[in-house]
$ cat target_6.cif   # mmCIF, C-alpha atoms
data_upload
#
loop_
_atom_site.group_PDB
_atom_site.id
_atom_site.type_symbol
_atom_site.label_atom_id
_atom_site.label_comp_id
_atom_site.auth_asym_id
_atom_site.auth_seq_id
_atom_site.Cartn_x
_atom_site.Cartn_y
_atom_site.Cartn_z
ATOM 1 C CA MET A 30 5.668 -20.399 54.015
ATOM 2 C CA THR A 31 4.399 -22.174 57.087
ATOM 3 C CA ASP A 32 6.542 -24.167 59.457
ATOM 4 C CA PRO A 33 5.414 -27.827 59.448
ATOM 5 C CA ASP A 34 6.621 -28.344 62.990
ATOM 6 C CA THR A 35 4.127 -26.003 64.609
ATOM 7 C CA SER A 36 0.410 -25.914 65.098
ATOM 8 C CA THR A 37 0.092 -23.171 62.476
ATOM 9 C CA VAL A 38 0.281 -25.582 59.520
ATOM 10 C CA PRO A 39 -2.962 -25.047 57.645
ATOM 11 C CA ASP A 40 -5.343 -27.902 57.136
ATOM 12 C CA GLY A 41 -6.556 -29.005 53.725
ATOM 13 C CA SER A 42 -9.530 -26.661 53.514
ATOM 14 C CA ARG A 43 -7.643 -23.447 54.248
ATOM 15 C CA GLY A 44 -4.265 -24.061 52.620
ATOM 16 C CA GLY A 45 -3.051 -25.383 49.326
ATOM 17 C CA VAL A 46 -2.276 -28.936 48.360
ATOM 18 C CA THR A 47 1.345 -28.519 49.429
ATOM 19 C CA ASP A 48 0.320 -27.329 52.899
ATOM 20 C CA PHE A 49 -2.180 -30.183 53.187
ATOM 21 C CA LEU A 50 0.438 -32.799 52.248
ATOM 22 C CA ARG A 51 2.932 -31.195 54.612
ATOM 23 C CA TYR A 52 0.347 -31.378 57.402
ATOM 24 C CA LEU A 53 -0.249 -35.093 56.686
ATOM 25 C CA LEU A 54 3.503 -35.679 56.671
ATOM 26 C CA VAL A 55 3.882 -34.031 60.085
ATOM 27 C CA LEU A 56 0.756 -35.851 61.338
ATOM 28 C CA SER A 57 2.388 -39.174 60.355
ATOM 29 C CA ARG A 58 5.311 -38.511 62.747
ATOM 30 C CA PRO A 59 8.289 -39.366 60.472
ATOM 31 C CA ARG A 60 10.537 -40.111 63.439
ATOM 32 C CA PHE A 61 8.312 -43.134 64.191
ATOM 33 C CA TRP A 62 7.923 -44.477 60.642
ATOM 34 C CA LEU A 63 10.179 -47.447 61.257
ATOM 35 C CA TYR A 64 7.930 -48.648 64.090
ATOM 36 C CA LEU A 65 5.518 -49.887 61.417
ATOM 37 C CA ALA A 66 7.837 -50.349 58.442
ATOM 38 C CA GLY A 67 10.523 -52.197 60.424
ATOM 39 C CA PRO A 68 8.424 -55.276 61.197
ATOM 40 C CA VAL A 69 7.323 -55.385 57.548
ATOM 41 C CA ALA A 70 10.973 -55.361 56.443
ATOM 42 C CA VAL A 71 11.746 -58.189 58.870
ATOM 43 C CA GLY A 72 8.701 -60.159 57.720
ATOM 44 C CA VAL A 73 9.531 -59.705 54.046
ATOM 45 C CA THR A 74 13.116 -60.759 54.670
ATOM 46 C CA TYR A 75 11.943 -63.833 56.543
ATOM 47 C CA GLY A 76 9.346 -64.737 53.923
ATOM 48 C CA VAL A 77 11.425 -64.615 50.754
ATOM 49 C CA ALA A 78 13.168 -67.625 49.320
ATOM 50 C CA ASP A 79 16.150 -65.672 47.936
ATOM 51 C CA VAL A 80 17.483 -62.132 47.647
ATOM 52 C CA SER A 81 15.885 -61.536 44.244
ATOM 53 C CA GLU A 82 12.443 -61.557 45.917
ATOM 54 C CA LEU A 83 13.248 -58.657 48.263
ATOM 55 C CA PHE A 84 12.330 -55.934 45.773
ATOM 56 C CA THR A 85 9.216 -57.150 43.990
ATOM 57 C CA PRO A 86 6.299 -54.799 43.309
ATOM 58 C CA VAL A 87 4.433 -56.320 46.275
ATOM 59 C CA THR A 88 7.291 -55.923 48.763
ATOM 60 C CA VAL A 89 7.979 -52.356 47.616
ATOM 61 C CA ALA A 90 4.261 -51.504 47.852
ATOM 62 C CA LEU A 91 4.061 -52.954 51.358
ATOM 63 C CA ALA A 92 7.138 -51.011 52.445
ATOM 64 C CA GLY A 93 5.736 -47.837 50.916
ATOM 65 C CA TYR A 94 2.368 -48.286 52.621
ATOM 66 C CA PHE A 95 3.851 -48.987 56.028
ATOM 67 C CA LEU A 96 6.262 -46.047 55.810
ATOM 68 C CA VAL A 97 3.725 -43.243 55.320
ATOM 69 C CA PRO A 98 0.021 -44.077 54.822
ATOM 70 C CA ALA A 99 -0.101 -46.559 57.719
ATOM 71 C CA ASN A 100 1.395 -43.888 59.968
ATOM 72 C CA VAL A 101 -1.113 -41.295 58.728
ATOM 73 C CA TYR A 102 -3.833 -43.766 59.682
ATOM 74 C CA LEU A 103 -2.353 -44.747 63.045
ATOM 75 C CA TYR A 104 -1.492 -41.262 64.268
ATOM 76 C CA GLY A 105 -4.514 -39.656 62.622
ATOM 77 C CA VAL A 106 -6.879 -41.927 64.561
ATOM 78 C CA ASN A 107 -4.803 -41.387 67.703
ATOM 79 C CA ASP A 108 -4.884 -37.602 67.336
ATOM 80 C CA ALA A 109 -8.615 -37.530 66.549
ATOM 81 C CA PHE A 110 -9.438 -39.340 69.782
ATOM 82 C CA ASP A 111 -6.800 -37.565 71.885
ATOM 83 C CA ALA A 112 -7.484 -34.018 70.644
ATOM 84 C CA ASP A 113 -8.674 -32.797 74.054
ATOM 85 C CA ILE A 114 -5.652 -34.271 75.866
ATOM 86 C CA ASP A 115 -3.275 -32.947 73.200
ATOM 87 C CA GLU A 116 -4.464 -29.396 73.932
ATOM 88 C CA VAL A 117 -2.091 -29.387 76.918
ATOM 89 C CA ASN A 118 0.638 -31.545 75.356
ATOM 90 C CA PRO A 119 3.767 -29.397 74.859
ATOM 91 C CA LYS A 120 5.098 -31.780 72.148
ATOM 92 C CA LYS A 121 2.237 -30.651 69.929
ATOM 93 C CA GLU A 122 3.744 -27.170 69.848
ATOM 94 C CA ASP A 123 7.206 -28.017 68.570
ATOM 95 C CA ARG A 124 7.274 -31.536 67.095
ATOM 96 C CA GLU A 125 3.826 -32.746 66.105
ATOM 97 C CA ALA A 126 0.716 -31.502 64.338
ATOM 98 C CA ARG A 127 -2.454 -30.798 66.276
ATOM 99 C CA TRP A 128 -5.664 -32.450 65.094
ATOM 100 C CA ARG A 129 -8.100 -29.896 63.700
ATOM 101 C CA GLY A 130 -11.071 -32.066 62.836
ATOM 102 C CA ASP A 131 -10.894 -31.009 59.184
ATOM 103 C CA ARG A 132 -13.032 -33.253 56.934
ATOM 104 C CA LEU A 133 -10.335 -33.563 54.289
ATOM 105 C CA VAL A 134 -7.808 -34.736 56.881
ATOM 106 C CA ALA A 135 -10.345 -37.195 58.308
ATOM 107 C CA LEU A 136 -10.977 -38.472 54.776
ATOM 108 C CA ALA A 137 -7.226 -38.933 54.226
ATOM 109 C CA VAL A 138 -6.982 -40.908 57.498
ATOM 110 C CA VAL A 139 -9.919 -43.137 56.529
ATOM 111 C CA ALA A 140 -8.469 -43.630 53.024
ATOM 112 C CA ALA A 141 -5.135 -44.673 54.558
ATOM 113 C CA GLY A 142 -7.004 -47.260 56.640
ATOM 114 C CA VAL A 143 -8.890 -48.583 53.606
ATOM 115 C CA ILE A 144 -5.633 -48.903 51.685
ATOM 116 C CA GLY A 145 -4.318 -50.905 54.640
ATOM 117 C CA ILE A 146 -7.211 -53.327 54.343
ATOM 118 C CA ALA A 147 -6.476 -53.608 50.617
ATOM 119 C CA THR A 148 -2.915 -54.725 51.383
ATOM 120 C CA PHE A 149 -4.353 -58.055 52.496
ATOM 121 C CA ALA A 150 -5.293 -58.757 48.865
ATOM 122 C CA VAL A 151 -1.690 -58.453 47.673
ATOM 123 C CA THR A 152 0.140 -59.798 50.693
ATOM 124 C CA PRO A 153 1.491 -63.321 50.086
ATOM 125 C CA ARG A 154 -0.161 -66.060 52.095
ATOM 126 C CA VAL A 155 3.143 -66.924 53.815
ATOM 127 C CA ALA A 156 2.986 -63.524 55.534
#
$ encode --input "target_6.cif" --output "structure tokens"
Amino acid sequence: MTDPDTSTVPDGSRGGVTDFLRYLLVLSRPRFWLYLAGPVAVGVTYGVADVSELFTPVTVALAGYFLVPANVYLYGVNDAFDADIDEVNPKKEDREARWRGDRLVALAVVAAGVIGIATFAVTPRVA
């Protein structure tokens, strides 16, 4: 089994589905997930009229999107454009995934961005 914290995690075209999902998980930088999901939680809390509205399908979907897919999008775009700089970044050896330019990974990043645009359709106007 590969170690998801190193640059040896296979990309989607060379490894299995599990390795591909593990790579996306590492690419999304779990230690930073709350940077995007935190403001959503604050906004949802501010925007609801009472506690019963905290866990509606829309609020759960928004929280779910901003926990993982939004981070795949954010850090995927970042890594794609910073690939040359990241070659000398020591953090990419022990804590983060290196961008490989794999088409399946690029497609996953674009899909995460498209899903983000779709969140506008379900987000309440008060937001």
$ atom_distance --input "target_6.cif" --atom1 "CA of Gly45 (chain A)" --atom2 "CA of Val106 (chain A)"
22.8 Å
$ atom_distance --input "target_6.cif" --atom1 "CA of Val138 (chain A)" --atom2 "CA of Gly67 (chain A)"
21.0 Å
$ residues_around --input "target_6.cif" --residues "region 51-57 of chain A" --least-positions-apart "6" --cutoff "6 Å" --atoms "all atoms listed in the file" --output "ChimeraX atom specification"
/A:100-101,104,126
$ atom_distance --input "target_6.cif" --atom1 "CA of Val143 (chain A)" --atom2 "CA of Tyr102 (chain A)"
9.3 Å
$ closest_residue --input "target_6.cif" --among "A:Gly105, A:Val89, A:Pro153, A:Tyr94" --to "Ala137 (chain A)" --atoms "only C-alpha atoms"
A:Gly105
$ resolve_selection --input "target_6.cif" --expression "the PyMOL selection byres ((chain A and resi 63) around 12)" --output "ChimeraX atom specification"
/A:57-62,64-71,92-97,99-100
$ resolve_selection --input "target_6.cif" --expression "the PyMOL selection byres ((chain A and resi 109) around 12)" --output "list in words"
Leu56, Val101, Tyr102, Leu103, Tyr104, Gly105, Val106, Asn107, Asp108, Phe110, Asp111, Ala112, Asp113, Ile114, Asp115, Glu116, Ala126, Arg127, Trp128, Arg129, Gly130, Asp131, Arg132, Val134, Ala135, Val138 and Val139 of chain A
$ closest_residue --input "target_6.cif" --among "A:Leu91, A:Val46, A:Val80, A:Val73" --to "Ile146 (chain A)" --atoms "only C-alpha atoms"
A:Leu91
$ residues_around --input "target_6.cif" --residues "Ala90 (chain A)" --least-positions-apart "6" --cutoff "10 Å" --atoms "all atoms listed in the file" --output "list in words"
Phe84, Leu96, Thr148, Val151 and Thr152 of chain A
$ closest_residue --input "target_6.cif" --among "A:Phe149, A:Gly142, A:Val155, A:Phe49" --to "Pro98 (chain A)" --atoms "all atoms listed in the file"
A:Gly142
$ decode --input "target_6.cif" --residues "region 65-121 of chain A" --atoms "C-alpha atoms" --output "tab-separated table (two decimals), in the first residue's frame"
chain	number	residue	atom	x	y	z
A	65	LEU	CA	-13.36	27.03	3.89
A	66	ALA	CA	-15.95	25.14	5.93
A	67	GLY	CA	-15.64	27.39	8.99
A	68	PRO	CA	-17.02	30.53	7.34
A	69	VAL	CA	-19.88	28.45	5.89
A	70	ALA	CA	-20.73	27.18	9.38
A	71	VAL	CA	-20.70	30.75	10.71
A	72	GLY	CA	-22.83	31.96	7.80
A	73	VAL	CA	-25.35	29.16	8.19
A	74	THR	CA	-25.58	29.81	11.91
A	75	TYR	CA	-26.12	33.50	11.29
A	76	GLY	CA	-28.69	32.91	8.55
A	77	VAL	CA	-31.05	30.49	10.27
A	78	ALA	CA	-34.10	31.59	12.18
A	79	ASP	CA	-33.92	28.78	14.77
A	80	VAL	CA	-31.86	25.71	15.66
A	81	SER	CA	-34.07	23.34	13.67
A	82	GLU	CA	-32.78	24.94	10.44
A	83	LEU	CA	-29.12	24.12	11.15
A	84	PHE	CA	-29.26	20.61	9.69
A	85	THR	CA	-31.39	20.87	6.56
A	86	PRO	CA	-30.37	19.10	3.35
A	87	VAL	CA	-29.07	22.42	1.98
A	88	THR	CA	-26.94	23.27	5.01
A	89	VAL	CA	-25.52	19.74	5.18
A	90	ALA	CA	-24.76	19.81	1.43
A	91	LEU	CA	-23.02	23.17	1.76
A	92	ALA	CA	-20.95	21.92	4.69
A	93	GLY	CA	-20.06	18.76	2.80
A	94	TYR	CA	-19.03	20.70	-0.31
A	95	PHE	CA	-16.89	23.17	1.59
A	96	LEU	CA	-15.17	20.45	3.62
A	97	VAL	CA	-13.72	18.40	0.75
A	98	PRO	CA	-14.62	19.27	-2.87
A	99	ALA	CA	-14.00	23.01	-2.41
A	100	ASN	CA	-10.57	22.20	-1.00
A	101	VAL	CA	-9.83	19.83	-3.90
A	102	TYR	CA	-10.67	22.71	-6.21
A	103	LEU	CA	-8.75	25.37	-4.29
A	104	TYR	CA	-5.57	23.39	-3.71
A	105	GLY	CA	-5.77	21.58	-7.04
A	106	VAL	CA	-5.74	24.89	-8.93
A	107	ASN	CA	-3.00	26.17	-6.61
A	108	ASP	CA	-0.84	23.08	-7.15
A	109	ALA	CA	-1.37	23.09	-10.93
A	110	PHE	CA	-0.06	26.64	-11.21
A	111	ASP	CA	2.67	26.24	-8.58
A	112	ALA	CA	4.02	22.87	-9.78
A	113	ASP	CA	7.42	24.30	-10.74
A	114	ILE	CA	7.83	26.11	-7.40
A	115	ASP	CA	6.63	23.06	-5.47
A	116	GLU	CA	9.49	21.02	-6.97
A	117	VAL	CA	11.76	22.55	-4.32
A	118	ASN	CA	9.15	22.78	-1.54
A	119	PRO	CA	10.14	20.36	1.26
A	120	LYS	CA	6.52	20.24	2.56
A	121	LYS	CA	5.57	18.40	-0.62
